[in-house]
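S.K.: Okay, here's the structure, questions in a sec.
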Amino acid sequence: MIDFQTDPDRYRHWRLRIDGRVAFLDMAVDPAGGINSGYELKLNSYDLGVDIELADVIQRLRFEHPEVGAVVVGSVLERMFCAGANIGMLASAPHPLKVNFCKFTNETRSAIEDASANSGQRYLAALAGSAAGGGYELALATDHIMLIDDRNAAVSLPEVPLLGVLPGTGGLTRLTDKRHVRRDRADVFCTLEEGVKGDKARQWALVDELVPASSFRDAVSKRAEEFANQSDRPTEATGVALTALVRSIDTDRIAYSLVTVEIDRQEKRATIIVAGPDGLPPIDGEEAVNVGADFWPLRLARELDDAVLHLRVNELELGTILLRSEGDIGHVLAYDMFLVSQGEHWFVREMLLYWARLLRRIDLTSRTIITLVEPNSCFGGFLAEVVLAADRSYMLAGERSDGDGAIANLTLTEANQFAFPMSNGLSRLETRFWGDEEGLMRARAAIGEKLDAEGALAAGLVTDAMDDLDWDDELRITLEERSAFSPDGLTGMEANLRFPGPETMETKIFGRLSAWQNWVFQRPNASGETGALRRYGTGRRPEYDERRV
């Protein structure tokens with residue numbers, strides 16, 4: 001089992017040092033620390049285990065260190081920043097692990113950009129040596145790249161000429177869409193095994209600064225201080241320690257304090273049940289900080305995040321995820337109002353941003369997602385985003401015959417209009433009603449209303465509503481039908497339907513680039529016995545099928 005939970009005491013690959021307003025995060029990959037056996041992580045090459053630690057430290061810097069306004073990503077190795085994704089790992093990993101590795105790595109790079117853009121915690125890459133492939137892609141995720149001028153250090157994306165695959169963690173897209181590298185220069189750069197160094201790298205906008213070796217360290221510190229001084233993060237605030245999650249994993253059940261995952265292996269589906277809060281929110285942001293990691297939206301987000309990642313990587317045959325909730329919708333709406341009203345507080349801002357990232361992770365998960373809105377569920381405000389994120393949503397109309405008289409309710413709030421943008425830059429409401437202005441206006445008019453099934457259906461917020469008499473049979477038919485379809489066909493269909501509207505750098509990375517890499521990974525030119533990944537380092541040239549497809 002691959003576990004996404006870690007903490008600084010268990011890090012094998014990263015070293016963190018805090019100096020006032022600046023954090024120095026150095027890559028120090030343990031060659032023997034691969035998440036699987038059969039390869040060495042030489043030259044700061046990385047696998048999923050390295051990125052799990054990186055994702056953890058990025059999250060901790062945001063929540064545990066409000067004083068940090070700038071993060072410098074560097075390396076402990078001389079003349080080498082990072083050699084990229086480990087080739088032995090890529091060559092030996094089964095296809096699903098390669099794809100999930102790329103997806104998680106992309107989400108981690110996006111979290112860096114999110115921190116720079118929205119949290120006042122800007123990232124710099126200090127390249128005191130060469131950055132190749134995924135190593136350069138890590139640098140591309142930062143705001144500012146500083147390259148040492150020692151006549152040896154270079155940046156490169158050698159995947160196409162050396163490995164027959166693509167720079168799979170956003171490299172191609174970030175070159176053109178983020179750094180605005182001219183297309184023809186990007187074409188040359190991506191076909192040079194040796195990469196580009198020195199002043200040419202700066203002129204082509206591959207790096208931002210070229211710094212003499214004699215003054216490199218001082219220049220990096222000075223630039224980081226400049227960035228940190230521009231941050232609006234508080235200098236004297238107390239952080240929130242991300243304590244270990246309470247979790248038990250059994251064969252067919254995963255239990256956290258607020259999230260339960262029930263697994264039906266025969267039907268190939270998982271049901272995720274989230275629990276609402278026991279009471280009302282704190283008075284203000286500082287009181288929420290005092291609650292710490294037990295603050296309900298934070299604890300729920302961390303548990304749900306872990307559950308989704310676990311299902312993605314460790315339960316590949318569970319093709320359908322049902323999402324349910326239990327609790328007092330009034331309490332959820334009170335928390336929603338608290339988050340919006342206290343949104344300028346650094347900790348509450350981080351909570352809103354974390355929920356936005358978590359919801360995007362759900363959007364990007366290659367499983368059929370169906371939300372069930374039932375009596376005593378609590379899909380309101382930011383939790384209503386789970387309903388909007390689903391491929392389909394069903395709501396029970398009226399009471400259950402054996403229930404307590406409660407009926408299902410769904411409530412949108414102002415937060416649903418702005419606080420949780422999708423990868424396409426739109427709210428889920430805007431995405432749901434793309435090209436249907438009247439439908440969007442009807443949904444917006446329903447904001448603040450406690451909608452029953454008839455009202456939610458009229459507002460276009462659920463796929464269908466069924467009474468108790470039909471509920472079980474209709475769901476059974478829907479789920480049986482879904483499980484009969486090709487998983488590959490469903491993955492492609494869902495990914496194409498989830499993101500109407502404009503393309504952004506993020507949708508290109510997670511859609512276009514990921515789809516191509518997914519395809520390339522399966523081709524014999526990359527992964528076959530005579531393909532580039534298999535033959536890399538053997539001294540034998542790969543044998544390519546020359547037919548263009």
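All residue names refer to the structure tokens as shown: chains lettered A, B, ... in order, residues numbered from 1 in each chain, ligands numbered from 1 in order.
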Going by DSSP on the backbone, which bits of region 128-362 of chain A are helix (DSSP H, G or I)? Write them as a ChimeraX atom specification, please.
M.R.: /A:134-140,159-163,171-178,183-189,198-203,213-229,285-294,296-314,329-341,346-362
S.K.: Going by DSSP on the backbone, which residues of region 304-423 of chain A come out as strand (DSSP E)? List them as a list in words.
M.R.: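 Assigned to strand (DSSP E), within region 304-423 of chain A: Thr320, Ile321, Leu322, Leu323, Arg324, Ser325, Glu326, Thr368, Ile369, Ile370, Thr371, Leu372, Val373, Arg392, Ser393, Tyr394, Met395, Leu396 and Ala397 of chain A.
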S.K.: Quick one: pull the distance between CA of Ala526 (chain A) and CA of Gly170 (chain A), Å, one decimal.
M.R.: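 Distance reported for this atom pair: 18.6 Å.
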S.K.: I'd like to know which of A:Ala23, A:Ile477, A:Met351, A:Ala532 is closest to Pro158 (chain A), using only C-alpha atoms.
M.R.: A:Ala532
S.K.: Please list as an NGL selection string every residue within 8 Å of region 410-412 of chain A, counting only C-alpha atoms and excluding residues in the same chain fewer than 2 positions away.
M.R.: :A and (373 or 378-381 or 384 or 408 or 414-416 or 446-453 or 456)
S.K.: Counting only C-alpha atoms, what is within 8 Å of region 539-549 of chain A, bar same-chain residues fewer than 6 positions away, as number ranges by chain?
M.R.: A: 524-525, 530-532
S.K.: Taking a cut-off of 12 Å and counting only C-alpha atoms, can you build a table that, for each residue of region 394-429 of chain A near region 113-130 of chain A, reports the nearest atom pair and how far apart they are in Å (one decimal), sorted by chain then residue number, as JSON lines?
M.R.:
{"residue": "A:Ala419", "atom": "CA", "partner": "A:Asn118", "partner_atom": "CA", "distance": 11.9}
{"residue": "A:Pro421", "atom": "CA", "partner": "A:Asp114", "partner_atom": "CA", "distance": 11.8}
{"residue": "A:Ser423", "atom": "CA", "partner": "A:Asp114", "partner_atom": "CA", "distance": 11.5}
S.K.: Could you dump the residues just selected with N, CA and C atoms as a PDB file, in the first residue's frame?
M.R.:
ATOM      1  N   ALA A 419     -15.445  31.167  -4.411  1.00  0.00           N
ATOM      2  CA  ALA A 419     -14.370  30.735  -3.514  1.00  0.00           C
ATOM      3  C   ALA A 419     -13.634  29.476  -3.960  1.00  0.00           C
ATOM      4  N   PRO A 421     -12.689  27.955  -7.375  1.00  0.00           N
ATOM      5  CA  PRO A 421     -12.585  27.836  -8.834  1.00  0.00           C
ATOM      6  C   PRO A 421     -12.063  26.476  -9.261  1.00  0.00           C
ATOM      7  N   SER A 423     -10.225  24.036 -12.363  1.00  0.00           N
ATOM      8  CA  SER A 423      -8.994  24.198 -13.139  1.00  0.00           C
ATOM      9  C   SER A 423      -9.180  25.127 -14.331  1.00  0.00           C
TER      10      SER A 423
END
S.K.: Excluding Met337 (chain A) and any residue of its chain fewer than 4 positions from it, enumerate the residues within 10 Å of it, using only C-alpha atoms, and give them as a PyMOL selection string.
M.R.: chain A and resi 281+331-333+341-343+381-382+413-415
S.K.: Got a sec: who's within 10 Å of Leu426 (chain A), counting only C-alpha atoms, leaving out chain neighbours fewer than 6 positions off, as a ChimeraX atom specification?
M.R.: /A:417-418,420,432,434,499-502
S.K.: Keeping only N, CA, C and O atoms, write the selected residues as a compact mmCIF listing (two decimals), in the first residue's frame.
M.R.:
# COMPACT_ATOMS: atom_id res chain seq x y z
N GLN A 417 -20.10 30.90 -5.60
CA GLN A 417 -19.93 31.71 -6.79
C GLN A 417 -18.48 32.13 -7.04
O GLN A 417 -18.14 32.51 -8.16
N PHE A 418 -17.63 32.05 -6.00
CA PHE A 418 -16.29 32.61 -6.20
C PHE A 418 -15.16 31.89 -5.49
O PHE A 418 -14.00 31.98 -5.90
N PHE A 420 -14.20 28.69 -4.88
CA PHE A 420 -13.63 27.38 -5.20
C PHE A 420 -13.53 27.18 -6.70
O PHE A 420 -14.20 26.31 -7.27
N ARG A 432 -21.14 24.39 -14.79
CA ARG A 432 -22.34 23.56 -14.94
C ARG A 432 -23.28 24.15 -15.98
O ARG A 432 -23.91 23.41 -16.77
N TRP A 434 -22.47 26.34 -18.46
CA TRP A 434 -21.71 26.97 -19.52
C TRP A 434 -22.58 27.12 -20.78
O TRP A 434 -23.14 26.15 -21.28
N PHE A 499 -14.86 19.64 -17.95
CA PHE A 499 -14.24 20.96 -18.06
C PHE A 499 -14.66 21.69 -19.33
O PHE A 499 -13.83 21.98 -20.19
N PRO A 500 -15.95 22.00 -19.46
CA PRO A 500 -16.33 22.87 -20.58
C PRO A 500 -15.79 24.28 -20.34
O PRO A 500 -15.33 24.62 -19.26
N GLY A 501 -15.87 25.09 -21.38
CA GLY A 501 -15.44 26.47 -21.23
C GLY A 501 -14.00 26.68 -21.63
O GLY A 501 -13.41 25.86 -22.36
N PRO A 502 -13.40 27.76 -21.16
CA PRO A 502 -12.05 28.13 -21.62
C PRO A 502 -10.98 27.18 -21.13
O PRO A 502 -11.11 26.54 -20.09
S.K.: Can you work out which one of A:Ala459, A:Ala241, A:Ala356, A:Cys102 has the shortest atom-to-atom distance to Ser514 (chain A), counting only C-alpha atoms?
M.R.: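 Closest to Ser514 (chain A) of all the choices is A:Cys102.
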S.K.: Neighbouring residues of Val165 (chain A) were defined as those with any atom within 7 Å, considering only C-alpha atoms; residues of the same chain fewer than 4 positions away were excluded. Please report them as a PDB file with N, CA and C atoms, in the first residue's frame.
M.R.:
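Wrote result.pdb, looks like this:
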ATOM      1  N   GLU A 159      13.263  14.580 -22.334  1.00  0.00           N
ATOM      2  CA  GLU A 159      12.416  13.387 -22.382  1.00  0.00           C
ATOM      3  C   GLU A 159      12.199  12.871 -23.803  1.00  0.00           C
ATOM      4  N   VAL A 160      11.943  13.770 -24.745  1.00  0.00           N
ATOM      5  CA  VAL A 160      11.667  13.325 -26.113  1.00  0.00           C
ATOM      6  C   VAL A 160      12.898  12.675 -26.750  1.00  0.00           C
ATOM      7  N   GLN A 517       0.478  11.955 -22.507  1.00  0.00           N
ATOM      8  CA  GLN A 517       1.478  11.160 -21.780  1.00  0.00           C
ATOM      9  C   GLN A 517       0.916   9.780 -21.455  1.00  0.00           C
ATOM     10  N   VAL A 520       1.312   7.881 -24.611  1.00  0.00           N
ATOM     11  CA  VAL A 520       2.720   7.608 -24.909  1.00  0.00           C
ATOM     12  C   VAL A 520       3.279   6.521 -23.999  1.00  0.00           C
ATOM     13  N   PHE A 521       2.892   6.541 -22.722  1.00  0.00           N
ATOM     14  CA  PHE A 521       3.377   5.538 -21.778  1.00  0.00           C
ATOM     15  C   PHE A 521       2.997   4.116 -22.207  1.00  0.00           C
ATOM     16  N   ALA A 526       8.021   3.817 -26.145  1.00  0.00           N
ATOM     17  CA  ALA A 526       8.452   4.270 -24.827  1.00  0.00           C
ATOM     18  C   ALA A 526       8.636   3.096 -23.871  1.00  0.00           C
TER      19      ALA A 526
END
S.K.: For the atom pair CA of Arg62 (chain A) and CA of Ala244 (chain A), what is the interatomic distance in Å to one decimal place?
M.R.: 16.5 Å
S.K.: Could you check the closest approach to Asp232 (chain A) for each of A:Ile283, A:Val68, A:Val340, A:Ala85 and tell me which residue wins, using only C-alpha atoms?
M.R.: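 Closest to Asp232 (chain A) of all the choices is A:Val68.
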S.K.: So, with only C-alpha atoms as the atoms that count, which of A:Trp14, A:Tyr256, A:Phe4, A:Phe347 lies closest to Phe104 (chain A)?
M.R.: A:Phe4
